[in-house]
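The data block below is data32.pdb; it holds PDB, C-alpha atoms.
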ATOM      1  CA  LEU A 151     117.149 119.639 149.331
ATOM      2  CA  VAL A 152     116.445 116.604 151.531
ATOM      3  CA  LEU A 153     112.763 117.207 150.918
ATOM      4  CA  ILE A 154     113.187 117.857 147.224
ATOM      5  CA  LEU A 155     114.713 114.404 146.604
ATOM      6  CA  ALA A 156     111.849 112.781 148.483
ATOM      7  CA  PHE A 157     109.442 114.880 146.410
ATOM      8  CA  PHE A 158     111.039 113.823 143.101
ATOM      9  CA  ILE A 159     111.024 110.171 144.149
ATOM     10  CA  LEU A 160     107.348 110.553 145.072
ATOM     11  CA  ILE A 161     106.560 112.044 141.642
ATOM     12  CA  THR A 162     108.529 109.255 139.919
ATOM     13  CA  TRP A 163     106.652 106.618 141.892
ATOM     14  CA  ALA A 164     103.309 108.348 141.182
ATOM     15  CA  ALA A 165     104.057 108.606 137.447
ATOM     16  CA  ILE A 166     105.056 104.923 137.184
ATOM     17  CA  SER A 167     102.015 103.839 139.214
ATOM     18  CA  LEU A 168      99.732 105.977 137.077
ATOM     19  CA  PHE A 169     101.248 104.470 133.938
ATOM     20  CA  PHE A 170     100.190 101.007 135.112
ATOM     21  CA  LEU A 171      96.739 102.254 136.153
ATOM     22  CA  VAL A 172      95.665 104.185 133.054
ATOM     23  CA  PRO A 173      94.137 102.245 130.165
ATOM     24  CA  ARG A 174      96.984 101.308 127.851
ATOM     25  CA  SER A 175      96.274 101.425 124.161
ATOM     26  CA  LEU A 176      99.865 100.737 123.099
ATOM     27  CA  THR A 177     101.492  97.317 123.203
ATOM     28  CA  ILE A 178     104.494  96.561 125.426
ATOM     29  CA  GLU A 179     106.805  96.785 122.389
ATOM     30  CA  GLU A 180     105.393 100.177 121.357
ATOM     31  CA  ASN A 181     105.654 101.549 124.903
ATOM     32  CA  THR A 182     109.248 100.297 125.243
ATOM     33  CA  ILE A 183     110.305 101.716 121.859
ATOM     34  CA  LEU A 184     108.830 105.113 122.759
ATOM     35  CA  PHE A 185     110.399 105.060 126.226
ATOM     36  CA  PHE A 186     113.822 104.455 124.676
ATOM     37  CA  ILE A 187     113.410 107.073 121.930
ATOM     38  CA  ILE A 188     112.178 109.774 124.341
ATOM     39  CA  ASN A 189     115.021 108.957 126.735
ATOM     40  CA  ILE A 190     117.626 109.105 123.959
ATOM     41  CA  ALA A 191     116.271 112.468 122.729
ATOM     42  CA  ILE A 192     116.101 114.013 126.226
ATOM     43  CA  SER A 193     119.555 112.731 127.238
ATOM     44  CA  ASN A 194     121.157 114.083 124.068
ATOM     45  CA  MET A 195     119.454 117.441 124.427
ATOM     46  CA  PHE A 196     120.530 117.652 128.073
ATOM     47  CA  ILE A 197     124.175 116.755 127.423
ATOM     48  CA  ILE A 198     124.446 119.286 124.570
ATOM     49  CA  LEU A 199     122.885 122.074 126.649
ATOM     50  CA  THR A 200     125.014 121.369 129.731
ATOM     51  CA  LEU A 201     128.359 120.013 128.539
ATOM     52  CA  ASN A 202     128.834 121.580 125.103
ATOM     53  CA  LEU A 203     126.885 124.862 125.149
ATOM     54  CA  LYS A 204     127.049 125.442 128.920
ATOM     55  CA  LEU A 205     123.618 127.097 128.779
ATOM     56  CA  VAL A 206     122.356 124.988 131.646
ATOM     57  CA  ASN A 207     124.335 123.930 134.680
ATOM     58  CA  TYR A 208     123.315 121.585 137.459
ATOM     59  CA  ASN A 209     123.918 121.094 141.147
ATOM     60  CA  THR A 210     126.331 118.188 141.621
ATOM     61  CA  GLY A 211     125.200 117.288 145.152
ATOM     62  CA  TYR A 212     124.080 113.658 145.206
ATOM     63  CA  ARG A 213     120.477 114.460 146.151
ATOM     64  CA  SER A 214     120.171 116.939 143.269
ATOM     65  CA  ILE A 215     121.763 114.510 140.827
ATOM     66  CA  VAL A 216     119.402 111.682 141.779
ATOM     67  CA  ALA A 217     116.424 114.055 141.484
ATOM     68  CA  LEU A 218     117.692 115.298 138.117
ATOM     69  CA  PHE A 219     118.179 111.775 136.726
ATOM     70  CA  ALA A 220     114.762 110.752 138.036
ATOM     71  CA  PHE A 221     113.212 113.735 136.239
ATOM     72  CA  ARG A 222     115.206 113.319 133.009
ATOM     73  CA  ASN A 223     115.139 109.549 132.610
ATOM     74  CA  LEU A 224     111.882 108.543 134.276
ATOM     75  CA  ILE A 225     109.387 111.332 134.918
ATOM     76  CA  ILE A 226     109.511 112.954 131.455
ATOM     77  CA  PRO A 227     109.341 109.708 129.412
ATOM     78  CA  VAL A 228     106.714 108.080 131.641
ATOM     79  CA  CYS A 229     104.491 111.220 131.643
ATOM     80  CA  LEU A 230     104.714 111.384 127.849
ATOM     81  CA  LEU A 231     103.873 107.671 127.639
ATOM     82  CA  ILE A 232     100.797 108.211 129.832
ATOM     83  CA  PHE A 233      99.692 111.009 127.489
ATOM     84  CA  LEU A 234     100.275 108.845 124.386
ATOM     85  CA  ASN A 235      98.390 105.865 125.804
ATOM     86  CA  LEU A 236      95.434 108.075 126.746
ATOM     87  CA  ALA A 237      95.536 109.946 123.438
ATOM     88  CA  PHE A 238      95.209 106.680 121.514
ATOM     89  CA  TYR A 239      92.661 105.255 123.943
ATOM     90  CA  TYR A 240      90.115 108.056 123.715
ATOM     91  CA  SER A 241      88.467 108.757 120.401
ATOM     92  CA  GLU A 242      87.161 112.216 121.388
ATOM     93  CA  LYS A 243      89.470 115.073 120.448
ATOM     94  CA  SER A 244      88.617 117.050 123.590
ATOM     95  CA  LYS A 245      89.859 114.219 125.838
ATOM     96  CA  LYS A 246      93.086 113.929 123.840
ATOM     97  CA  ILE A 247      93.681 117.689 124.205
ATOM     98  CA  PHE A 248      92.857 117.507 127.912
ATOM     99  CA  ALA A 249      95.435 114.712 128.426
ATOM    100  CA  PHE A 250      98.005 116.763 126.484
ATOM    101  CA  ILE A 251      97.386 119.923 128.560
ATOM    102  CA  ILE A 252      97.532 118.062 131.899
ATOM    103  CA  THR A 253     100.789 116.343 130.923
ATOM    104  CA  LEU A 254     102.331 119.610 129.828
ATOM    105  CA  LEU A 255     101.226 121.463 132.951
ATOM    106  CA  LEU A 256     102.737 118.746 135.121
ATOM    107  CA  LEU A 257     106.025 118.701 133.219
ATOM    108  CA  SER A 258     106.176 122.520 133.206
ATOM    109  CA  PHE A 259     105.620 122.621 136.952
ATOM    110  CA  ILE A 260     108.419 120.100 137.596
ATOM    111  CA  GLU A 261     110.729 121.873 135.138
ATOM    112  CA  LEU A 262     110.185 125.175 136.983
ATOM    113  CA  LEU A 263     110.693 123.358 140.271
ATOM    114  CA  THR A 264     114.161 122.225 139.156
ATOM    115  CA  GLN A 265     115.024 125.892 138.699
ATOM    116  CA  TRP A 266     113.485 127.117 141.957
ATOM    117  CA  THR A 267     115.228 124.444 143.996
ATOM    118  CA  GLY A 268     118.594 125.018 142.318
ATOM    119  CA  ILE A 269     118.789 121.537 140.762
ATOM    120  CA  LYS A 270     119.240 123.236 137.386
ATOM    121  CA  ILE A 271     120.939 126.591 136.944
ATOM    122  CA  PHE A 272     119.954 128.331 133.723
ATOM    123  CA  SER A 273     122.414 130.740 132.100
ATOM    124  CA  GLY A 274     121.383 131.956 128.657
ATOM    125  CA  TRP A 275     118.609 129.377 128.526
ATOM    126  CA  SER A 276     115.116 129.405 129.960
ATOM    127  CA  PRO A 277     113.020 126.585 131.439
ATOM    128  CA  PHE A 278     110.293 127.749 129.042
ATOM    129  CA  TYR A 279     112.477 126.669 126.096
ATOM    130  CA  ASN A 280     112.544 123.209 127.674
ATOM    131  CA  ILE A 281     108.760 123.254 127.970
ATOM    132  CA  PHE A 282     108.623 124.092 124.257
ATOM    133  CA  ILE A 283     110.889 121.087 123.622
ATOM    134  CA  TYR A 284     108.503 118.856 125.621
ATOM    135  CA  ILE A 285     105.599 120.046 123.443
ATOM    136  CA  LEU A 286     107.622 119.210 120.348
ATOM    137  CA  LEU A 287     108.616 115.839 121.774
ATOM    138  CA  ALA A 288     104.982 115.008 122.605
ATOM    139  CA  LEU A 289     103.898 115.859 119.052
ATOM    140  CA  ILE A 290     106.752 113.903 117.450
ATOM    141  CA  SER A 291     106.007 110.913 119.716
ATOM    142  CA  PHE A 292     102.336 111.136 118.722
ATOM    143  CA  LEU A 293     103.310 110.885 115.051
ATOM    144  CA  LEU A 294     105.727 108.092 115.889
ATOM    145  CA  VAL A 295     102.920 106.063 117.474
ATOM    146  CA  LYS A 296     100.878 106.483 114.285
ATOM    147  CA  LEU A 297     103.853 105.147 112.356
ATOM    148  CA  LEU A 298     104.420 102.267 114.809
ATOM    149  CA  LYS A 299     100.747 101.288 114.583
ATOM    150  CA  LYS A 300     101.228 100.738 110.833
ATOM    151  CA  LEU A 301     104.106  98.295 111.396
ATOM    152  CA  PRO A 302     103.293  94.574 111.463
TER     153      PRO A 302
ATOM    154  CA  MET B 192     138.246 123.375 130.072
ATOM    155  CA  PRO B 193     137.626 120.275 127.950
ATOM    156  CA  ILE B 194     140.285 117.581 127.719
ATOM    157  CA  ILE B 195     141.350 117.055 124.094
ATOM    158  CA  TYR B 196     142.969 113.697 123.303
ATOM    159  CA  ASP B 197     143.275 114.189 119.548
ATOM    160  CA  ASN B 198     141.705 116.245 116.809
ATOM    161  CA  SER B 199     141.839 114.127 113.703
ATOM    162  CA  PHE B 200     139.843 111.365 112.073
ATOM    163  CA  ASN B 201     141.943 108.339 112.970
ATOM    164  CA  LYS B 202     141.828 104.823 114.404
ATOM    165  CA  ASN B 203     139.083 105.356 117.025
ATOM    166  CA  GLU B 204     136.611 106.749 114.469
ATOM    167  CA  CYS B 205     137.569 104.032 111.933
ATOM    168  CA  VAL B 206     137.078 101.227 114.462
ATOM    169  CA  ILE B 207     133.654 102.540 115.498
ATOM    170  CA  ILE B 208     132.424 102.859 111.914
ATOM    171  CA  ILE B 209     133.799  99.412 110.947
ATOM    172  CA  PHE B 210     132.159  97.752 113.971
ATOM    173  CA  LEU B 211     128.875  99.544 113.262
ATOM    174  CA  ILE B 212     128.874  98.406 109.618
ATOM    175  CA  ILE B 213     129.814  94.805 110.553
ATOM    176  CA  GLY B 214     127.020  94.749 113.157
ATOM    177  CA  LEU B 215     124.425  96.159 110.771
ATOM    178  CA  VAL B 216     125.384  93.781 107.943
ATOM    179  CA  LEU B 217     125.237  90.873 110.375
ATOM    180  CA  ILE B 218     121.715  91.650 111.595
ATOM    181  CA  LEU B 219     120.502  92.197 108.033
ATOM    182  CA  LYS B 220     121.937  88.852 106.904
ATOM    183  CA  LEU B 221     120.567  86.858 109.844
ATOM    184  CA  LYS B 222     117.317  84.921 109.534
ATOM    185  CA  LYS B 223     114.434  86.963 110.956
ATOM    186  CA  ILE B 224     113.145  85.440 114.179
ATOM    187  CA  PHE B 225     111.600  88.576 115.720
ATOM    188  CA  THR B 226     108.824  90.891 114.583
ATOM    189  CA  LEU B 227     109.937  94.314 113.373
ATOM    190  CA  LYS B 228     108.738  95.998 116.572
ATOM    191  CA  GLU B 229     110.520  93.459 118.766
ATOM    192  CA  SER B 230     113.706  93.921 116.739
ATOM    193  CA  LEU B 231     113.411  97.678 117.239
ATOM    194  CA  VAL B 232     113.106  97.153 121.011
ATOM    195  CA  TYR B 233     116.368  95.159 121.177
ATOM    196  CA  LEU B 234     118.189  97.512 118.814
ATOM    197  CA  LEU B 235     117.123 100.572 120.799
ATOM    198  CA  PHE B 236     117.971  98.870 124.083
ATOM    199  CA  GLY B 237     121.682  98.914 123.221
ATOM    200  CA  PHE B 238     121.545 102.528 122.104
ATOM    201  CA  PHE B 239     119.579 103.582 125.184
ATOM    202  CA  SER B 240     121.708 101.698 127.735
ATOM    203  CA  GLY B 241     124.900 103.067 126.147
ATOM    204  CA  ILE B 242     123.673 106.636 126.429
ATOM    205  CA  LEU B 243     122.214 106.123 129.901
ATOM    206  CA  PHE B 244     125.328 104.626 131.480
ATOM    207  CA  ASP B 245     127.787 106.859 129.632
ATOM    208  CA  HIS B 246     125.865 110.023 130.468
ATOM    209  CA  ILE B 247     125.779 109.024 134.137
ATOM    210  CA  LEU B 248     129.314 107.638 134.505
ATOM    211  CA  SER B 249     131.222 109.966 132.197
ATOM    212  CA  THR B 250     129.720 113.301 133.242
ATOM    213  CA  SER B 251     130.095 115.443 136.349
ATOM    214  CA  PRO B 252     130.050 114.692 139.304
ATOM    215  CA  ILE B 253     131.059 111.039 138.663
ATOM    216  CA  ASP B 254     133.167 111.700 135.530
ATOM    217  CA  LEU B 255     135.008 108.372 135.283
ATOM    218  CA  TYR B 256     135.957 108.378 131.608
ATOM    219  CA  ASP B 257     135.776 110.272 128.324
ATOM    220  CA  VAL B 258     134.595 108.898 125.015
ATOM    221  CA  ASN B 259     136.604 109.491 121.805
ATOM    222  CA  ASP B 260     138.612 112.624 120.968
ATOM    223  CA  GLN B 261     137.558 114.997 123.743
ATOM    224  CA  SER B 262     135.493 115.357 126.903
ATOM    225  CA  TYR B 263     132.840 117.330 124.953
ATOM    226  CA  TYR B 264     129.963 115.498 123.300
ATOM    227  CA  GLU B 265     130.614 114.934 119.585
ATOM    228  CA  LEU B 266     128.857 113.297 116.639
ATOM    229  CA  ILE B 267     131.216 110.310 116.840
ATOM    230  CA  ASP B 268     130.106 109.751 120.456
ATOM    231  CA  PHE B 269     126.534 109.481 119.178
ATOM    232  CA  ILE B 270     127.709 106.975 116.539
ATOM    233  CA  THR B 271     129.527 105.044 119.307
ATOM    234  CA  TYR B 272     126.221 104.588 121.161
ATOM    235  CA  LEU B 273     124.559 103.650 117.872
ATOM    236  CA  MET B 274     127.242 100.974 117.449
ATOM    237  CA  TYR B 275     125.960  99.210 120.603
ATOM    238  CA  SER B 276     122.571  98.597 118.913
ATOM    239  CA  PRO B 277     123.387  95.641 116.615
ATOM    240  CA  TYR B 278     125.358  93.896 119.380
ATOM    241  CA  SER B 279     122.518  94.162 121.905
ATOM    242  CA  TYR B 280     120.222  92.737 119.197
ATOM    243  CA  LEU B 281     122.746  89.943 118.574
ATOM    244  CA  PHE B 282     122.801  89.162 122.296
ATOM    245  CA  ILE B 283     119.074  88.388 122.344
ATOM    246  CA  TYR B 284     119.175  86.818 118.876
ATOM    247  CA  ILE B 285     121.721  84.166 119.971
ATOM    248  CA  TYR B 286     119.772  83.664 123.210
ATOM    249  CA  LYS B 287     116.560  82.949 121.347
ATOM    250  CA  TYR B 288     118.101  81.117 118.384
ATOM    251  CA  PHE B 289     119.859  78.569 120.595
ATOM    252  CA  ASN B 290     116.910  78.530 123.004
ATOM    253  CA  VAL B 291     119.135  79.086 126.047
ATOM    254  CA  ARG B 292     117.411  77.624 129.086
ATOM    255  CA  LEU B 293     116.724  79.744 132.172
ATOM    256  CA  SER B 294     119.165  77.686 134.245
ATOM    257  CA  ARG B 295     121.944  78.449 131.734
ATOM    258  CA  THR B 296     121.051  82.136 131.332
ATOM    259  CA  PRO B 297     123.525  83.392 134.003
ATOM    260  CA  ILE B 298     126.379  81.582 132.204
ATOM    261  CA  TYR B 299     125.268  83.095 128.906
ATOM    262  CA  ILE B 300     125.151  86.617 130.435
ATOM    263  CA  LEU B 301     128.571  86.069 132.004
ATOM    264  CA  SER B 302     130.079  84.883 128.704
ATOM    265  CA  TYR B 303     128.667  87.802 126.714
ATOM    266  CA  SER B 304     129.879  90.229 129.416
ATOM    267  CA  LEU B 305     133.390  88.765 129.150
ATOM    268  CA  ILE B 306     133.338  89.150 125.354
ATOM    269  CA  SER B 307     132.137  92.750 125.838
ATOM    270  CA  ILE B 308     135.001  93.418 128.257
ATOM    271  CA  MET B 309     137.471  92.145 125.672
ATOM    272  CA  CYS B 310     135.886  94.398 123.038
ATOM    273  CA  GLU B 311     136.114  97.350 125.444
ATOM    274  CA  LEU B 312     139.785  96.548 126.035
ATOM    275  CA  PHE B 313     140.345  96.682 122.288
ATOM    276  CA  PHE B 314     138.349  99.934 121.970
ATOM    277  CA  THR B 315     140.337 101.496 124.824
ATOM    278  CA  SER B 316     143.600 100.626 123.074
ATOM    279  CA  MET B 317     142.199 102.275 119.923
ATOM    280  CA  GLY B 318     141.420 105.496 121.819
ATOM    281  CA  VAL B 319     137.628 105.185 122.042
ATOM    282  CA  PHE B 320     137.562 105.247 125.856
ATOM    283  CA  HIS B 321     139.873 107.260 128.117
ATOM    284  CA  TYR B 322     139.599 106.231 131.771
ATOM    285  CA  LYS B 323     140.166 108.757 134.537
ATOM    286  CA  ASN B 324     139.610 109.280 138.279
ATOM    287  CA  GLY B 325     140.651 105.696 139.082
ATOM    288  CA  TYR B 326     138.262 103.916 136.714
ATOM    289  CA  GLU B 327     139.451 100.489 135.549
ATOM    290  CA  ILE B 328     138.256  98.098 132.839
ATOM    291  CA  TYR B 329     136.851  95.631 135.377
ATOM    292  CA  ASP B 330     134.531  98.363 136.682
ATOM    293  CA  SER B 331     132.714  98.060 133.354
ATOM    294  CA  PHE B 332     132.065  94.381 133.998
ATOM    295  CA  SER B 333     129.301  95.158 136.510
ATOM    296  CA  VAL B 334     127.699  97.527 133.987
ATOM    297  CA  TYR B 335     127.636  94.768 131.340
ATOM    298  CA  LEU B 336     126.237  92.214 133.772
ATOM    299  CA  LEU B 337     123.476  94.609 134.781
ATOM    300  CA  THR B 338     122.679  95.690 131.212
ATOM    301  CA  PHE B 339     122.482  92.165 129.773
ATOM    302  CA  SER B 340     120.443  90.924 132.733
ATOM    303  CA  PHE B 341     117.946  93.744 132.144
ATOM    304  CA  GLU B 342     117.796  92.891 128.456
ATOM    305  CA  ILE B 343     117.037  89.246 129.196
ATOM    306  CA  MET B 344     114.347  90.386 131.651
ATOM    307  CA  LEU B 345     112.832  92.645 129.001
ATOM    308  CA  HIS B 346     112.875  89.796 126.472
ATOM    309  CA  ARG B 347     111.162  87.443 128.904
ATOM    310  CA  ILE B 348     108.509  90.048 129.804
ATOM    311  CA  ILE B 349     107.730  90.618 126.109
ATOM    312  CA  ASN B 350     107.584  86.858 125.480
ATOM    313  CA  ASN B 351     105.329  86.255 128.486
ATOM    314  CA  LYS B 352     102.950  89.005 127.310
ATOM    315  CA  LYS B 353     102.838  87.441 123.867
ATOM    316  CA  THR B 354     102.097  84.007 125.303
ATOM    317  CA  LEU B 355      99.333  85.497 127.455
ATOM    318  CA  GLN B 356      97.800  87.287 124.468
ATOM    319  CA  ALA B 357      97.925  84.114 122.403
ATOM    320  CA  THR B 358      96.044  82.053 124.986
TER     321      THR B 358
END

Take the structure in this file and express it as structure tokens.
Amino acid sequence: LVLILAFFILITWAAISLFFLVPRSLTIEENTILFFIINIAISNMFIILTLNLKLVNYNTGYRSIVALFAFRNLIIPVCLLIFLNLAFYYSEKSKKIFAFIITLLLLSFIELLTQWTGIKIFSGWSPFYNIFIYILLALISFLLVKLLKKLP
Amino acid sequence: MPIIYDNSFNKNECVIIIFLIIGLVLILKLKKIFTLKESLVYLLFGFFSGILFDHILSTSPIDLYDVNDQSYYELIDFITYLMYSPYSYLFIYIYKYFNVRLSRTPIYILSYSLISIMCELFFTSMGVFHYKNGYEIYDSFSVYLLTFSFEIMLHRIINNKKTLQAT
């Protein structure tokens, strides 16, 4: 678990760095709005699954908690923002789909990692359901960007 | 087992809804000084910071307080976080409207944090917040200071970007 925290911090750092390196097609306001909305959606989903439905539990050791918060509040939103910025930067459909697949593969890998390392304990819920939620969130965010682009 | 403080629609729910309506009416009545996207940023900031801090501080393993009728997450908890939105917008609105200088910004943040503490005191007496595990009202003060400082930073970053784009 010592290593896993370092690994999650490394991924967080890499995701944030990548966000600043990729060509950004969204304005600072659009990126901030999306970051907040994705965070609000993920946090609500997480609290309902853990606290109310008890379908997912989590390790309460401080290293696990920090890794979990880094994943929930930084890695997921920033990865989705990278995808959205690339999707609106490239005009070719194939490149948009490629960015979508890479983002999803990365998020799926980290989601599975939270299970393998015991950060999340699934009972009556599967990490694959979460991956499905990330797909849905990416699509909704994509539509949201289209809507935001129409605003003055 | 969840802790249940009460089960009915009473003063805590009423206070939240009244404050939300007052806040929303206020921001609708105010003269528009931000673009729609910028307004959305400041509105969502309050919502986001409320959820972020509450979901960190009020859940296991920290678990320092409960919000509203029980320790489970309810619809009224969601509305509570929504209630923060107009007041975080108002914070930046006053800052920009009165053109608060950078040297006076810390005093402004401090004043707004003190007002927030007084509001929290009132909300606690109404049964919105239930402190536990040694949490005290003044512990929230640091959260407000941090949140409002971040919001000012965000506002300045957005403004700087705009100035850069304009030149």

Quiz item: Hey, which of B:Phe320, B:Tyr263, B:Phe244, B:Tyr278 ends up closest to chain A? Count only C-alpha atoms.
Solution: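 Looking only at the distances to chain A, the closest residue turns out to be B:Tyr263.
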
Practice problem: Tell me the residues of chain A close to chain B, meaning within 8 Å using all atoms listed in the file, as number ranges by chain. | Solution: A: 178-180, 182-183, 186-187, 189-190, 193, 197-198, 201-202, 210, 298, 301-302

Self-check item: Resolved residues for the PyMOL selection byres ((chain B and resi 212) around 12) as a list in words
Solution: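 Checking the PyMOL selection byres ((chain B and resi 212) around 12) against this file, the residues are Cys205, Val206, Ile207, Ile208, Ile209, Phe210, Leu211, Ile213, Gly214, Leu215, Val216, Leu217, Ile218, Leu219, Ile270, Thr271, Leu273, Met274, Tyr275, Ser276, Pro277 and Tyr278 of chain B.
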
Report the residues retrieved by the PyMOL selection byres ((chain A and resi 224-234) around 6) from the displayed file, expressed as an mmCIF file with C-alpha atoms, in the frame of the given file.
data_model
loop_
_atom_site.group_PDB
_atom_site.id
_atom_site.type_symbol
_atom_site.label_atom_id
_atom_site.label_comp_id
_atom_site.auth_asym_id
_atom_site.auth_seq_id
_atom_site.Cartn_x
_atom_site.Cartn_y
_atom_site.Cartn_z
ATOM 1 C CA THR A 162 108.529 109.255 139.919
ATOM 2 C CA PHE A 169 101.248 104.470 133.938
ATOM 3 C CA PHE A 185 110.399 105.060 126.226
ATOM 4 C CA ILE A 188 112.178 109.774 124.341
ATOM 5 C CA ALA A 220 114.762 110.752 138.036
ATOM 6 C CA PHE A 221 113.212 113.735 136.239
ATOM 7 C CA ARG A 222 115.206 113.319 133.009
ATOM 8 C CA ASN A 223 115.139 109.549 132.610
ATOM 9 C CA ASN A 235 98.390 105.865 125.804
ATOM 10 C CA LEU A 236 95.434 108.075 126.746
ATOM 11 C CA ALA A 237 95.536 109.946 123.438
ATOM 12 C CA ALA A 249 95.435 114.712 128.426
#

Near Ser333 (chain B), counting only C-alpha atoms, which residues have an atom at most 12 Å away, once you skip same-chain residues fewer than 2 positions from it, shown as a PDB file with C-alpha atoms, in the coordinates of the input?
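Okay, this is what ended up in out-v1.pdb:
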ATOM      1  CA  PHE B 244     125.328 104.626 131.480  1.00  0.00           C
ATOM      2  CA  ILE B 300     125.151  86.617 130.435  1.00  0.00           C
ATOM      3  CA  LEU B 301     128.571  86.069 132.004  1.00  0.00           C
ATOM      4  CA  SER B 304     129.879  90.229 129.416  1.00  0.00           C
ATOM      5  CA  LEU B 305     133.390  88.765 129.150  1.00  0.00           C
ATOM      6  CA  SER B 307     132.137  92.750 125.838  1.00  0.00           C
ATOM      7  CA  ILE B 308     135.001  93.418 128.257  1.00  0.00           C
ATOM      8  CA  GLU B 327     139.451 100.489 135.549  1.00  0.00           C
ATOM      9  CA  ILE B 328     138.256  98.098 132.839  1.00  0.00           C
ATOM     10  CA  TYR B 329     136.851  95.631 135.377  1.00  0.00           C
ATOM     11  CA  ASP B 330     134.531  98.363 136.682  1.00  0.00           C
ATOM     12  CA  SER B 331     132.714  98.060 133.354  1.00  0.00           C
ATOM     13  CA  TYR B 335     127.636  94.768 131.340  1.00  0.00           C
ATOM     14  CA  LEU B 336     126.237  92.214 133.772  1.00  0.00           C
ATOM     15  CA  LEU B 337     123.476  94.609 134.781  1.00  0.00           C
ATOM     16  CA  THR B 338     122.679  95.690 131.212  1.00  0.00           C
ATOM     17  CA  PHE B 339     122.482  92.165 129.773  1.00  0.00           C
ATOM     18  CA  SER B 340     120.443  90.924 132.733  1.00  0.00           C
TER      19      SER B 340
END

Quiz item: Residues at most 12 Å from Val319 (chain B), counting all atoms listed in the file, excluding those fewer than 3 positions away in the same chain, as a PyMOL selection string?
Solution: chain B and resi 196-197+200-208+256-262+267-268+270-272+310-316+322

For the provided coordinates, the residues matched by the PyMOL selection byres ((chain A and resi 257) around 10) should be stated as a compact mmCIF listing (two decimals) with C-alpha atoms, in the coordinates of the input.
# COMPACT_ATOMS: atom_id res chain seq x y z
CA PHE A 221 113.21 113.74 136.24
CA ILE A 225 109.39 111.33 134.92
CA ILE A 226 109.51 112.95 131.46
CA CYS A 229 104.49 111.22 131.64
CA LEU A 230 104.71 111.38 127.85
CA ILE A 251 97.39 119.92 128.56
CA ILE A 252 97.53 118.06 131.90
CA THR A 253 100.79 116.34 130.92
CA LEU A 254 102.33 119.61 129.83
CA LEU A 255 101.23 121.46 132.95
CA LEU A 256 102.74 118.75 135.12
CA SER A 258 106.18 122.52 133.21
CA PHE A 259 105.62 122.62 136.95
CA ILE A 260 108.42 120.10 137.60
CA GLU A 261 110.73 121.87 135.14
CA LEU A 262 110.18 125.18 136.98
CA LEU A 263 110.69 123.36 140.27
CA ASN A 280 112.54 123.21 127.67
CA ILE A 281 108.76 123.25 127.97
CA TYR A 284 108.50 118.86 125.62
CA ILE A 285 105.60 120.05 123.44

Practice problem: Pick out the closest residue to Phe157 (chain A) from this set: A:Leu176, A:Val216, A:Leu171, A:Val206. Count all atoms listed in the file. | Solution: A:Val216

Exercise. Grab the CA of Glu242 (chain A) to CA of Leu294 (chain A) distance for me, in Å with one decimal place.
Key: 19.8 Å

Practice problem: Using only C-alpha atoms, give me every residue within 9 Å of (123.9, 124.0, 142.9) in file coordinates, as a PyMOL selection string. | Solution: chain A and resi 207-211+214+267-271

Practice problem: Go through A:Leu289, A:Val295, A:Ile161, A:Ile154 and flag the residue nearest Gln265 (chain A), using only C-alpha atoms for the distances. | Solution: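 Of all the options, A:Ile154 lies closest to Gln265 (chain A).
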